[in-house]
Amino acid sequence: MDTVFFVVPCYNEEEVLPETSARLRDKVASLQQRGMLSPESRIVFVDDGSKDTTWELIAQYHAEQPEYFDGIRLSRNEGHQNALYAGLMQVRGLCDAAVSLDADLQDDINAVDEMIAALDAGNDIVYGVRSARETDTVFKRSTAHGFYKLMSLMGVELVYDHADYRLMSRRALEGLAEFKESNLFLRGIVPMIGYPSTKVYYQRGERFAGESKYPLKKMLGFAAEGITSLSVKPIRMITALGISIFAVSIIILIYSLIRHLTGHTVTGWTSTVFSIWAIGGLQLLAIGVIGEYIGKIYLETKARPKYIIQEWLHGDPNSATDTRS
Ligand code: UDP
Ligand code: MG
């Protein structure tokens with residue numbers, strides 16, 4: 001029997017937590033009854049610096065049912081990826097495997113049965129992959145597909161239509177801990193861990209309450225993060241662009257010499273002005289892209305912590321084996 005921890009990052013999720021905690025607890029209880037999960041299995045909510053009553057709710061669930069609920073409180077909002085990572089790193093020594101999923105339960109929790117079966121069959125990483133996107137808004141669907149296109153164009157290999165719903169075995173989590181980069185893009189890093197892996201398909205539902213914590217601005221930031229932390233292709237593209245523009249400039253040089261020799265020097269104002277703007281724009285763009293990478297290097301060399309844990313509710317608060325810190 002496996003001890004599986006369910007790690008759920010939560011940012012301002014007071015609207016969904018009552019429902020989510022009940023549904024997850026019932027799921028864990030039913031899996032335990034069927035002998036698929038050990039009694040030590042539990043749900044770990046990671047509060048990512050929420051501004052609402054999320055942490056109070058988590059503390060309440062832990063106080064009422066410590067056999068089902070743990071809580072980790074980050075000292076501030078660090079973003080979904082870091083919150084998830086914090087949870088996984090905190091529990092990795094305590095479980096045989098961890099399943100990561102969103103607080104809004106858009107990912108069908110019934111896929112967990114298959115994930116555990118796949119774990120028992122010898123897989124270390126089981127990717128939850130959505131089989132359809134009917135429930136998404138047209139906007140979300142097209143931006144998501146644009147995202148995968150862009151990523152593959154930039155040389156980042158991702159599991160298509162897999163978000164962060166996945167099961168990772170203990171040794172896969174240990175593997176993840178070896179990746180020391182502070183710019184975290186889990187979807188890109190997890191496949192690099194290796195070990196046997198498989199996919200489980202599920203239907204993704206709608207968020208049943210509250211609104212998305214991933215507005216367009218965060219999504220764009222997420223895509224930029226993914227590209228620059230996993231690929232150097234943009235820098236190569238700039239080099240290629242530089243070479244082709246240099247080639248063009250030689251043609252222009254020959255052209256202007258011919259114009260000069262044939263006595264048409266005053267004409268060509270349009271092309272001059274155009275080139276100034278075009279070259280200026282391209283240079284700024286190129287500097288910007290290179291700056292992104294230098295910024296990344298700067299942050300990596302600082303080796304700042306990805307998160308700081310303010311509180312950890314784990315184990316039974318009333319028993320002598322309380323492991324709270
Ligand atoms: N989340 C988080 N920190 C953030 C933003 C989001 O921990 O800064 C969590 C959020 O609580 C949820 C998950 O990340 O559990 C996914 O967010 P959401 O469902 O809003 O994203 P969407 O499904 O719209 O892409
Ligand atoms: Mg969601």
# chains A, B, ... in the order shown; residues from 1 in each chain; ligands from 1
call {"tool": "residues_around", "arguments": {"residues": "range 56-59 of chain A", "least_positions_apart": "6", "cutoff": "9 Å", "atoms": "only C-alpha atoms", "output": "list of chain:residue names"}}
result
A:Glu14, A:Leu17, A:Pro18, A:Ser21, A:Phe45, A:Val46, A:Asp47, A:Phe69, A:Asp70, A:Gly71, A:Ile72, A:Leu313
call {"tool": "residues_near_ligand", "arguments": {"ligand": "ligand 2", "cutoff": "6 Å", "atoms": "only C-alpha atoms and all ligand atoms", "output": "MDAnalysis selection string"}}
result
chainID A and resid 104 106 207 212
call {"tool": "residues_near_ligand", "arguments": {"ligand": "ligand 1", "cutoff": "9 Å", "atoms": "only C-alpha atoms and all ligand atoms", "output": "JSON, numbers by chain"}}
result
{"A": [8, 9, 10, 11, 12, 13, 46, 47, 48, 49, 50, 77, 78, 79, 80, 81, 82, 83, 84, 101, 102, 103, 104, 105, 106, 107, 140, 163, 164, 206, 207, 210, 211, 212, 213, 214, 215, 218, 219]}
call {"tool": "closest_residue", "arguments": {"among": "A:Leu119, A:Leu150, A:Leu284, A:Leu176", "to": "Met89 in chain A", "atoms": "only C-alpha atoms"}}
result
A:Leu176
call {"tool": "closest_residue", "arguments": {"among": "A:Ser249, A:Leu88, A:Val99, A:Arg76", "to": "Ser41 in chain A", "atoms": "only C-alpha atoms"}}
result
A:Val99
call {"tool": "atom_distance", "arguments": {"atom1": "CA of Asn110 in chain A", "atom2": "CA of Glu15 in chain A"}}
result
21.8 Å
call {"tool": "select_by_dssp", "arguments": {"residues": "range 172-274 of chain A", "states": "helix (DSSP H, G or I)", "output": "PyMOL selection string"}}
result
chain A and resi 172-177+186-193+216-230+233-261+269-274
call {"tool": "atom_distance", "arguments": {"atom1": "CA of Val232 in chain A", "atom2": "CA of Ala247 in chain A"}}
result
23.4 Å
call {"tool": "atom_distance", "arguments": {"atom1": "CA of Thr198 in chain A", "atom2": "CA of Ile125 in chain A"}}
result
6.6 Å
call {"tool": "closest_residue", "arguments": {"among": "A:Arg166, A:Arg42, A:Arg23, A:His314", "to": "Tyr201 in chain A", "atoms": "only C-alpha atoms"}}
result
A:Arg166
call {"tool": "select_by_dssp", "arguments": {"residues": "range 19-224 of chain A", "states": "strand (DSSP E)", "output": "PyMOL selection string"}}
result
chain A and resi 42-47+69-74+97-100+125-130+162-169+197-202
call {"tool": "residues_around", "arguments": {"residues": "Glu181 in chain A", "least_positions_apart": "6", "cutoff": "10 Å", "atoms": "only C-alpha atoms", "output": "ChimeraX atom specification"}}
result
/A:189,229,296-297,299-301,303-304,306
call {"tool": "decode", "arguments": {"residues": "range 33-61 of chain A", "atoms": "N, CA and C atoms", "output": "PDB file, in the first residue's frame"}}
result
ATOM      1  N   GLN A  33     -10.183   2.876   1.934  1.00  0.00           N
ATOM      2  CA  GLN A  33     -11.087   1.744   2.167  1.00  0.00           C
ATOM      3  C   GLN A  33     -10.837   0.614   1.180  1.00  0.00           C
ATOM      4  N   ARG A  34     -10.522   1.016  -0.063  1.00  0.00           N
ATOM      5  CA  ARG A  34     -10.277  -0.009  -1.081  1.00  0.00           C
ATOM      6  C   ARG A  34      -8.864  -0.580  -1.005  1.00  0.00           C
ATOM      7  N   GLY A  35      -8.116  -0.127  -0.001  1.00  0.00           N
ATOM      8  CA  GLY A  35      -6.775  -0.677   0.188  1.00  0.00           C
ATOM      9  C   GLY A  35      -5.754  -0.172  -0.806  1.00  0.00           C
ATOM     10  N   MET A  36      -6.039   0.956  -1.484  1.00  0.00           N
ATOM     11  CA  MET A  36      -5.083   1.488  -2.463  1.00  0.00           C
ATOM     12  C   MET A  36      -4.126   2.494  -1.831  1.00  0.00           C
ATOM     13  N   LEU A  37      -4.551   3.078  -0.712  1.00  0.00           N
ATOM     14  CA  LEU A  37      -3.712   4.068  -0.039  1.00  0.00           C
ATOM     15  C   LEU A  37      -3.532   3.693   1.426  1.00  0.00           C
ATOM     16  N   SER A  38      -2.376   4.025   1.968  1.00  0.00           N
ATOM     17  CA  SER A  38      -2.119   3.746   3.380  1.00  0.00           C
ATOM     18  C   SER A  38      -2.846   4.764   4.258  1.00  0.00           C
ATOM     19  N   PRO A  39      -3.046   4.448   5.538  1.00  0.00           N
ATOM     20  CA  PRO A  39      -3.712   5.395   6.441  1.00  0.00           C
ATOM     21  C   PRO A  39      -2.900   6.674   6.643  1.00  0.00           C
ATOM     22  N   GLU A  40      -1.622   6.632   6.335  1.00  0.00           N
ATOM     23  CA  GLU A  40      -0.782   7.834   6.524  1.00  0.00           C
ATOM     24  C   GLU A  40      -0.953   8.839   5.393  1.00  0.00           C
ATOM     25  N   SER A  41      -1.631   8.441   4.324  1.00  0.00           N
ATOM     26  CA  SER A  41      -1.806   9.345   3.187  1.00  0.00           C
ATOM     27  C   SER A  41      -2.589  10.576   3.616  1.00  0.00           C
ATOM     28  N   ARG A  42      -2.268  11.708   3.035  1.00  0.00           N
ATOM     29  CA  ARG A  42      -2.960  12.925   3.460  1.00  0.00           C
ATOM     30  C   ARG A  42      -2.937  14.020   2.401  1.00  0.00           C
ATOM     31  N   ILE A  43      -3.667  15.080   2.712  1.00  0.00           N
ATOM     32  CA  ILE A  43      -3.785  16.221   1.807  1.00  0.00           C
ATOM     33  C   ILE A  43      -2.986  17.367   2.413  1.00  0.00           C
ATOM     34  N   VAL A  44      -2.121  17.961   1.610  1.00  0.00           N
ATOM     35  CA  VAL A  44      -1.268  19.043   2.115  1.00  0.00           C
ATOM     36  C   VAL A  44      -1.613  20.329   1.365  1.00  0.00           C
ATOM     37  N   PHE A  45      -2.225  21.270   2.055  1.00  0.00           N
ATOM     38  CA  PHE A  45      -2.519  22.556   1.432  1.00  0.00           C
ATOM     39  C   PHE A  45      -1.335  23.490   1.652  1.00  0.00           C
ATOM     40  N   VAL A  46      -0.886  24.125   0.566  1.00  0.00           N
ATOM     41  CA  VAL A  46       0.201  25.092   0.689  1.00  0.00           C
ATOM     42  C   VAL A  46      -0.389  26.477   0.478  1.00  0.00           C
ATOM     43  N   ASP A  47      -0.400  27.282   1.529  1.00  0.00           N
ATOM     44  CA  ASP A  47      -0.933  28.630   1.395  1.00  0.00           C
ATOM     45  C   ASP A  47       0.159  29.538   0.849  1.00  0.00           C
ATOM     46  N   ASP A  48      -0.073  30.033  -0.374  1.00  0.00           N
ATOM     47  CA  ASP A  48       0.930  30.851  -1.060  1.00  0.00           C
ATOM     48  C   ASP A  48       0.719  32.333  -0.718  1.00  0.00           C
ATOM     49  N   GLY A  49       0.835  32.667   0.549  1.00  0.00           N
ATOM     50  CA  GLY A  49       0.703  34.065   0.967  1.00  0.00           C
ATOM     51  C   GLY A  49      -0.644  34.683   0.630  1.00  0.00           C
ATOM     52  N   SER A  50      -1.714  33.947   0.851  1.00  0.00           N
ATOM     53  CA  SER A  50      -3.055  34.456   0.523  1.00  0.00           C
ATOM     54  C   SER A  50      -3.406  35.678   1.365  1.00  0.00           C
ATOM     55  N   LYS A  51      -4.246  36.530   0.775  1.00  0.00           N
ATOM     56  CA  LYS A  51      -4.669  37.731   1.489  1.00  0.00           C
ATOM     57  C   LYS A  51      -6.036  37.543   2.130  1.00  0.00           C
ATOM     58  N   ASP A  52      -6.707  36.454   1.830  1.00  0.00           N
ATOM     59  CA  ASP A  52      -8.028  36.214   2.416  1.00  0.00           C
ATOM     60  C   ASP A  52      -7.907  35.197   3.564  1.00  0.00           C
ATOM     61  N   THR A  53      -8.973  34.477   3.855  1.00  0.00           N
ATOM     62  CA  THR A  53      -8.956  33.583   5.025  1.00  0.00           C
ATOM     63  C   THR A  53      -8.468  32.169   4.706  1.00  0.00           C
ATOM     64  N   THR A  54      -7.780  32.010   3.568  1.00  0.00           N
ATOM     65  CA  THR A  54      -7.315  30.678   3.170  1.00  0.00           C
ATOM     66  C   THR A  54      -6.549  29.963   4.286  1.00  0.00           C
ATOM     67  N   TRP A  55      -5.596  30.661   4.913  1.00  0.00           N
ATOM     68  CA  TRP A  55      -4.791  29.987   5.927  1.00  0.00           C
ATOM     69  C   TRP A  55      -5.627  29.600   7.153  1.00  0.00           C
ATOM     70  N   GLU A  56      -6.562  30.457   7.530  1.00  0.00           N
ATOM     71  CA  GLU A  56      -7.425  30.138   8.674  1.00  0.00           C
ATOM     72  C   GLU A  56      -8.214  28.856   8.386  1.00  0.00           C
ATOM     73  N   LEU A  57      -8.703  28.747   7.152  1.00  0.00           N
ATOM     74  CA  LEU A  57      -9.450  27.541   6.780  1.00  0.00           C
ATOM     75  C   LEU A  57      -8.548  26.302   6.865  1.00  0.00           C
ATOM     76  N   ILE A  58      -7.351  26.422   6.331  1.00  0.00           N
ATOM     77  CA  ILE A  58      -6.426  25.276   6.329  1.00  0.00           C
ATOM     78  C   ILE A  58      -6.119  24.853   7.773  1.00  0.00           C
ATOM     79  N   ALA A  59      -5.862  25.853   8.627  1.00  0.00           N
ATOM     80  CA  ALA A  59      -5.548  25.552  10.030  1.00  0.00           C
ATOM     81  C   ALA A  59      -6.737  24.880  10.704  1.00  0.00           C
ATOM     82  N   GLN A  60      -7.928  25.312  10.325  1.00  0.00           N
ATOM     83  CA  GLN A  60      -9.136  24.716  10.897  1.00  0.00           C
ATOM     84  C   GLN A  60      -9.288  23.248  10.463  1.00  0.00           C
ATOM     85  N   TYR A  61      -9.068  22.975   9.169  1.00  0.00           N
ATOM     86  CA  TYR A  61      -9.161  21.579   8.702  1.00  0.00           C
ATOM     87  C   TYR A  61      -8.145  20.712   9.428  1.00  0.00           C
TER      88      TYR A  61
END
